[in-house]
Amino acid sequence: MPTNKQEPQRKSPVTVEQQPDGTFQFHGGKGGFQIIEQKNKALEPYGKRIWNYGIVLEILPEANVSALNQQIGNARFVRNHYLSTRIAYYKEQKQTLSVAQYKKDYLPELKKQHEFLQLSDKFSLENAFRNVDDAYKRFFEGKGGFPRYASSRKPNGNSYTTNYTNHNIELLMKDGLPYLKLPKIGYLRFVLPKGKRMEDILPVGAVIKAATVSRIDKSNRYQVSLRIETVIDKPVFPAIIHAADILSVDLGLKVFGVFGNLEGSEAIQNPRWIKVHARRLRRFQQALSRKQYDKKTHTGSKNWEKARLMVAKEQRKTANQRKDFHHKLSRVIANSCSAFICEDLAVKNMMKNRHLSKSIASVGWSSFLTMVQYKMERAGKYFRKISRWVPSSQRCHQCGYINKDVKDLTVRKWICPKCKTLHDRDENAQKNICMEGIRLLTADGISVTF
């Protein structure tokens, strides 16, 4: 007989206390499960909720380069050791080597054998083998491949994560300059983002939960990603919205997307960042290929290293420009509408088309829609995806006639045989997406007025 799944036992329930300055202080929750859900439940009487966000800062390590490299190397070493030990343990025992068992039976002995691990922050080592355990879980759930070993030549072996406890991670100003305090490292200078102040990065009441330090391209450039938790007003989603405040998009390659509502539309041009940088990148890669490199030892000459950094810099600039474009456009969208409708695109399948894969990678649909979604939900606005099987391009938005000939992607304009309306392919698809989104909102109990 099926049994009801019981919730994990709460070792210490979460309670909240509002301070005189308006901030909130939490108590309990140690050793429990679903801490965020417990905190949100405790904040319900106040009309508040937990909001987690991240910010990336560039570090100026100066004299702390060796200490940072030590932490990164130790975390990589422990990660690979846990992966090897877990594989061998399963072959011998046909059982899984849990994180708790490894931490108790193997890690202390490993620290005795390798004294350099004594220099590590304890959280960095714990997070290293917990990442392997998470990779195993994703593998068994069909969300990723089998866990791989970390390499100093790849991003997965050039970072480490530490957790906040007892003020071991802090942002502060010293002599008018911004500093970051990290355990086992000390104080590090960092660069304030343009137009930002320390209060903007860490507002009153916000708490740093974790910090991930990453080394970029082995060029002694480092950045830290801070995971920050704060309490915000619980977003209130409107029960009634006007159709004019509903924005939909038909994403594409020729143009980035056609945005609009039932009344009109506007095409946003595709910046094509990869194409913009293709010429310079090709020249740098050709120069790199002519430099001396030993494939057996994976080492190159000094000129090879300089050329490699030039290639990495150009690729990084392409990625940064794409991200900047996505952030600015998603912010405009989140500020200008009450609901956003898009298609549930199968980007992974579309990337299998070798004729379009480069253009699809350049445009970055998935990252853009992720930004729009979290910004809309943060502001108490609706984000909906319609089914990818809706014939948005083939259906006439005036009479509903479905024209099978429009499956041909070369057909950019067509006349409806039934109502004789002239359609632009992308604009017609955008209006059909908007109409389908209105139907989904209405089905969810949201009233849409015209």
# chains A, B, ... in the order shown; residues from 1 in each chain; ligands from 1
$ closest_atom_pairs --of "segment 190-304 of chain A" --to "segment 40-60 of chain A" --cutoff "12 Å" --atoms "only C-alpha atoms" --output "JSON lines"
{"residue": "A:Phe190", "atom": "CA", "partner": "A:Ile59", "partner_atom": "CA", "distance": 4.3}
{"residue": "A:Val191", "atom": "CA", "partner": "A:Glu58", "partner_atom": "CA", "distance": 5.5}
{"residue": "A:Leu192", "atom": "CA", "partner": "A:Leu57", "partner_atom": "CA", "distance": 7.2}
{"residue": "A:Pro193", "atom": "CA", "partner": "A:Leu57", "partner_atom": "CA", "distance": 7.4}
{"residue": "A:Lys194", "atom": "CA", "partner": "A:Leu57", "partner_atom": "CA", "distance": 11.1}
{"residue": "A:Lys196", "atom": "CA", "partner": "A:Leu57", "partner_atom": "CA", "distance": 11.5}
{"residue": "A:Met198", "atom": "CA", "partner": "A:Leu57", "partner_atom": "CA", "distance": 11.7}
{"residue": "A:Asp200", "atom": "CA", "partner": "A:Ile55", "partner_atom": "CA", "distance": 10.7}
{"residue": "A:Ile201", "atom": "CA", "partner": "A:Ile55", "partner_atom": "CA", "distance": 7.6}
{"residue": "A:Leu202", "atom": "CA", "partner": "A:Ile55", "partner_atom": "CA", "distance": 9.7}
{"residue": "A:Gly205", "atom": "CA", "partner": "A:Ile50", "partner_atom": "CA", "distance": 11.3}
{"residue": "A:Ala206", "atom": "CA", "partner": "A:Trp51", "partner_atom": "CA", "distance": 9.5}
{"residue": "A:Val207", "atom": "CA", "partner": "A:Asn52", "partner_atom": "CA", "distance": 9.6}
{"residue": "A:Ile208", "atom": "CA", "partner": "A:Gly54", "partner_atom": "CA", "distance": 9.4}
{"residue": "A:Lys209", "atom": "CA", "partner": "A:Asn52", "partner_atom": "CA", "distance": 9.3}
{"residue": "A:Ala210", "atom": "CA", "partner": "A:Gly54", "partner_atom": "CA", "distance": 9.6}
{"residue": "A:Ala211", "atom": "CA", "partner": "A:Gly54", "partner_atom": "CA", "distance": 9.5}
{"residue": "A:Thr212", "atom": "CA", "partner": "A:Val56", "partner_atom": "CA", "distance": 9.3}
{"residue": "A:Val213", "atom": "CA", "partner": "A:Ile59", "partner_atom": "CA", "distance": 8.9}
{"residue": "A:Ser214", "atom": "CA", "partner": "A:Ile59", "partner_atom": "CA", "distance": 9.6}
{"residue": "A:Arg215", "atom": "CA", "partner": "A:Ile59", "partner_atom": "CA", "distance": 9.8}
{"residue": "A:Ile216", "atom": "CA", "partner": "A:Glu58", "partner_atom": "CA", "distance": 10.3}
{"residue": "A:Asn220", "atom": "CA", "partner": "A:Leu60", "partner_atom": "CA", "distance": 9.1}
{"residue": "A:Arg221", "atom": "CA", "partner": "A:Ile59", "partner_atom": "CA", "distance": 7.3}
{"residue": "A:Tyr222", "atom": "CA", "partner": "A:Ile59", "partner_atom": "CA", "distance": 5.3}
{"residue": "A:Gln223", "atom": "CA", "partner": "A:Glu58", "partner_atom": "CA", "distance": 4.3}
{"residue": "A:Val224", "atom": "CA", "partner": "A:Leu57", "partner_atom": "CA", "distance": 5.3}
{"residue": "A:Ser225", "atom": "CA", "partner": "A:Val56", "partner_atom": "CA", "distance": 4.4}
{"residue": "A:Leu226", "atom": "CA", "partner": "A:Gly54", "partner_atom": "CA", "distance": 5.4}
{"residue": "A:Arg227", "atom": "CA", "partner": "A:Gly54", "partner_atom": "CA", "distance": 4.6}
{"residue": "A:Ile228", "atom": "CA", "partner": "A:Tyr53", "partner_atom": "CA", "distance": 5.4}
{"residue": "A:Glu229", "atom": "CA", "partner": "A:Asn52", "partner_atom": "CA", "distance": 4.6}
{"residue": "A:Thr230", "atom": "CA", "partner": "A:Trp51", "partner_atom": "CA", "distance": 5.4}
{"residue": "A:Val231", "atom": "CA", "partner": "A:Ile50", "partner_atom": "CA", "distance": 4.8}
{"residue": "A:Ile232", "atom": "CA", "partner": "A:Lys48", "partner_atom": "CA", "distance": 5.6}
{"residue": "A:Asp233", "atom": "CA", "partner": "A:Lys48", "partner_atom": "CA", "distance": 4.5}
{"residue": "A:Lys234", "atom": "CA", "partner": "A:Lys48", "partner_atom": "CA", "distance": 4.6}
{"residue": "A:Pro235", "atom": "CA", "partner": "A:Lys48", "partner_atom": "CA", "distance": 8.4}
{"residue": "A:Val236", "atom": "CA", "partner": "A:Gly47", "partner_atom": "CA", "distance": 9.7}
$ write_last_selection --atoms "C-alpha atoms" --output "PDB file, in the first residue's frame"
ATOM      1  CA  PHE A 190      38.215  44.547  -4.811  1.00  0.00           C
ATOM      2  CA  VAL A 191      36.815  46.815  -7.520  1.00  0.00           C
ATOM      3  CA  LEU A 192      33.487  48.494  -6.843  1.00  0.00           C
ATOM      4  CA  PRO A 193      31.175  48.231  -9.878  1.00  0.00           C
ATOM      5  CA  LYS A 194      30.694  51.467 -11.771  1.00  0.00           C
ATOM      6  CA  LYS A 196      27.796  51.461  -7.053  1.00  0.00           C
ATOM      7  CA  MET A 198      29.166  49.594  -0.617  1.00  0.00           C
ATOM      8  CA  ASP A 200      24.276  49.073  -2.819  1.00  0.00           C
ATOM      9  CA  ILE A 201      26.200  45.780  -2.785  1.00  0.00           C
ATOM     10  CA  LEU A 202      25.310  44.838   0.791  1.00  0.00           C
ATOM     11  CA  GLY A 205      19.834  43.651   6.766  1.00  0.00           C
ATOM     12  CA  ALA A 206      21.480  41.643   3.975  1.00  0.00           C
ATOM     13  CA  VAL A 207      23.771  38.766   4.941  1.00  0.00           C
ATOM     14  CA  ILE A 208      26.554  37.077   2.965  1.00  0.00           C
ATOM     15  CA  LYS A 209      25.922  33.316   2.937  1.00  0.00           C
ATOM     16  CA  ALA A 210      28.818  32.076   0.786  1.00  0.00           C
ATOM     17  CA  ALA A 211      31.697  33.263  -1.392  1.00  0.00           C
ATOM     18  CA  THR A 212      33.138  31.523  -4.462  1.00  0.00           C
ATOM     19  CA  VAL A 213      36.604  32.665  -5.549  1.00  0.00           C
ATOM     20  CA  SER A 214      37.549  31.906  -9.164  1.00  0.00           C
ATOM     21  CA  ARG A 215      40.826  32.255 -11.035  1.00  0.00           C
ATOM     22  CA  ILE A 216      40.436  33.480 -14.604  1.00  0.00           C
ATOM     23  CA  ASN A 220      46.416  36.121 -11.867  1.00  0.00           C
ATOM     24  CA  ARG A 221      42.974  37.683 -12.379  1.00  0.00           C
ATOM     25  CA  TYR A 222      40.489  36.668  -9.733  1.00  0.00           C
ATOM     26  CA  GLN A 223      36.841  37.287  -9.084  1.00  0.00           C
ATOM     27  CA  VAL A 224      34.548  36.468  -6.191  1.00  0.00           C
ATOM     28  CA  SER A 225      30.870  35.604  -6.435  1.00  0.00           C
ATOM     29  CA  LEU A 226      28.978  36.461  -3.256  1.00  0.00           C
ATOM     30  CA  ARG A 227      25.699  34.719  -2.447  1.00  0.00           C
ATOM     31  CA  ILE A 228      23.649  37.204  -0.428  1.00  0.00           C
ATOM     32  CA  GLU A 229      20.406  36.717   1.474  1.00  0.00           C
ATOM     33  CA  THR A 230      18.048  39.545   2.353  1.00  0.00           C
ATOM     34  CA  VAL A 231      14.441  40.073   3.388  1.00  0.00           C
ATOM     35  CA  ILE A 232      12.136  41.865   0.950  1.00  0.00           C
ATOM     36  CA  ASP A 233       8.443  42.712   0.737  1.00  0.00           C
ATOM     37  CA  LYS A 234       6.469  39.740  -0.515  1.00  0.00           C
ATOM     38  CA  PRO A 235       5.596  40.436  -4.171  1.00  0.00           C
ATOM     39  CA  VAL A 236       1.889  41.024  -4.739  1.00  0.00           C
TER      40      VAL A 236
END
$ residues_around --residues "His327 of chain A" --least-positions-apart "2" --cutoff "12 Å" --atoms "only C-alpha atoms" --output "number ranges by chain"
A: 320-325, 329-334, 364, 367-375
$ write_last_selection --atoms "N, CA and C atoms" --output "CSV table (one decimal), in the first residue's frame"
chain,number,residue,atom,x,y,z
A,320,ASN,N,30.9,39.0,-22.2
A,320,ASN,CA,30.5,40.1,-21.3
A,320,ASN,C,29.5,41.1,-22.1
A,321,GLN,N,29.8,41.3,-23.4
A,321,GLN,CA,28.9,42.2,-24.1
A,321,GLN,C,27.5,41.5,-24.3
A,322,ARG,N,27.5,40.2,-24.5
A,322,ARG,CA,26.2,39.5,-24.6
A,322,ARG,C,25.4,39.6,-23.3
A,323,LYS,N,26.1,39.4,-22.2
A,323,LYS,CA,25.5,39.5,-20.9
A,323,LYS,C,25.0,40.9,-20.6
A,324,ASP,N,25.8,41.9,-20.9
A,324,ASP,CA,25.4,43.3,-20.7
A,324,ASP,C,24.1,43.6,-21.5
A,325,PHE,N,24.1,43.2,-22.8
A,325,PHE,CA,22.9,43.4,-23.6
A,325,PHE,C,21.6,42.7,-23.0
A,329,LEU,N,18.3,44.8,-21.6
A,329,LEU,CA,17.0,44.6,-22.3
A,329,LEU,C,16.0,43.9,-21.3
A,330,SER,N,16.4,43.0,-20.5
A,330,SER,CA,15.5,42.3,-19.5
A,330,SER,C,15.0,43.3,-18.5
A,331,ARG,N,15.9,44.3,-18.1
A,331,ARG,CA,15.5,45.3,-17.2
A,331,ARG,C,14.4,46.2,-17.7
A,332,VAL,N,14.6,46.6,-19.0
A,332,VAL,CA,13.5,47.4,-19.7
A,332,VAL,C,12.2,46.7,-19.7
A,333,ILE,N,12.3,45.4,-20.0
A,333,ILE,CA,11.1,44.6,-20.1
A,333,ILE,C,10.4,44.5,-18.8
A,334,ALA,N,11.1,44.2,-17.7
A,334,ALA,CA,10.5,44.0,-16.4
A,334,ALA,C,9.9,45.3,-15.9
A,364,GLY,N,22.0,33.6,-27.4
A,364,GLY,CA,21.9,33.3,-25.9
A,364,GLY,C,20.4,33.5,-25.4
A,367,SER,N,19.7,32.2,-21.4
A,367,SER,CA,20.2,33.1,-20.4
A,367,SER,C,19.4,34.4,-20.4
A,368,PHE,N,18.9,34.9,-21.5
A,368,PHE,CA,18.1,36.1,-21.6
A,368,PHE,C,16.7,35.8,-20.9
A,369,LEU,N,16.1,34.7,-21.2
A,369,LEU,CA,14.8,34.4,-20.6
A,369,LEU,C,14.9,34.2,-19.1
A,370,THR,N,16.0,33.6,-18.7
A,370,THR,CA,16.2,33.4,-17.2
A,370,THR,C,16.3,34.7,-16.5
A,371,MET,N,17.0,35.7,-17.1
A,371,MET,CA,17.1,37.1,-16.5
A,371,MET,C,15.7,37.7,-16.5
A,372,VAL,N,14.9,37.6,-17.6
A,372,VAL,CA,13.6,38.2,-17.6
A,372,VAL,C,12.7,37.6,-16.5
A,373,GLN,N,12.8,36.3,-16.4
A,373,GLN,CA,11.9,35.6,-15.4
A,373,GLN,C,12.2,36.0,-14.0
A,374,TYR,N,13.4,36.0,-13.6
A,374,TYR,CA,13.6,36.4,-12.1
A,374,TYR,C,13.4,37.8,-11.9
A,375,LYS,N,13.6,38.7,-12.9
A,375,LYS,CA,13.3,40.1,-12.7
A,375,LYS,C,11.8,40.4,-12.6
$ closest_residue --among "A:Phe77, A:Trp365, A:Tyr102, A:Phe450" --to "Tyr89 of chain A" --atoms "only C-alpha atoms"
A:Tyr102
$ atom_distance --atom1 "atom CA of Lys328 of chain A" --atom2 "atom CA of Asp217 of chain A"
26.9 Å
$ residues_around --residues "Ile415 of chain A" --least-positions-apart "6" --cutoff "10 Å" --atoms "only C-alpha atoms" --output "PyMOL selection string"
chain A and resi 396+403+421-424
$ write_last_selection --atoms "C-alpha atoms" --output "JSON list (two decimals), in the first residue's frame"
[["chain", "number", "residue", "atom", "x", "y", "z"],
["A", 396, "CYS", "CA", -3.41, 33.64, -38.84],
["A", 403, "ASN", "CA", -1.15, 27.68, -43.33],
["A", 421, "THR", "CA", -4.63, 39.48, -44.45],
["A", 422, "LEU", "CA", -0.98, 40.16, -45.27],
["A", 423, "HIS", "CA", 1.26, 38.77, -42.51],
["A", 424, "ASP", "CA", 4.86, 39.33, -41.56]]
$ atom_distance --atom1 "atom CA of Ala339 of chain A" --atom2 "atom CA of Ala243 of chain A"
9.1 Å
$ select_by_dssp --residues "segment 74-315 of chain A" --states "strand (DSSP E or B)" --output "PyMOL selection string"
chain A and resi 159-163+170-174+177-182+186-191+207-216+221-233+240-242+246-251+255-260+265-269+293-294+299-300
$ atom_distance --atom1 "atom CA of Ala307 of chain A" --atom2 "atom CA of Asp294 of chain A"
15.0 Å
$ select_by_dssp --residues "segment 90-235 of chain A" --states "helix (DSSP H, G or I)" --output "ChimeraX atom specification"
/A:90-93,99-105,107-113,115-119,122-140,155-157,198-201
$ residues_around --residues "Leu110 of chain A" --least-positions-apart "6" --cutoff "12 Å" --atoms "only C-alpha atoms" --output "NGL selection string"
:A and (74 or 77-78 or 81-82 or 85 or 102-104 or 116-118 or 125)
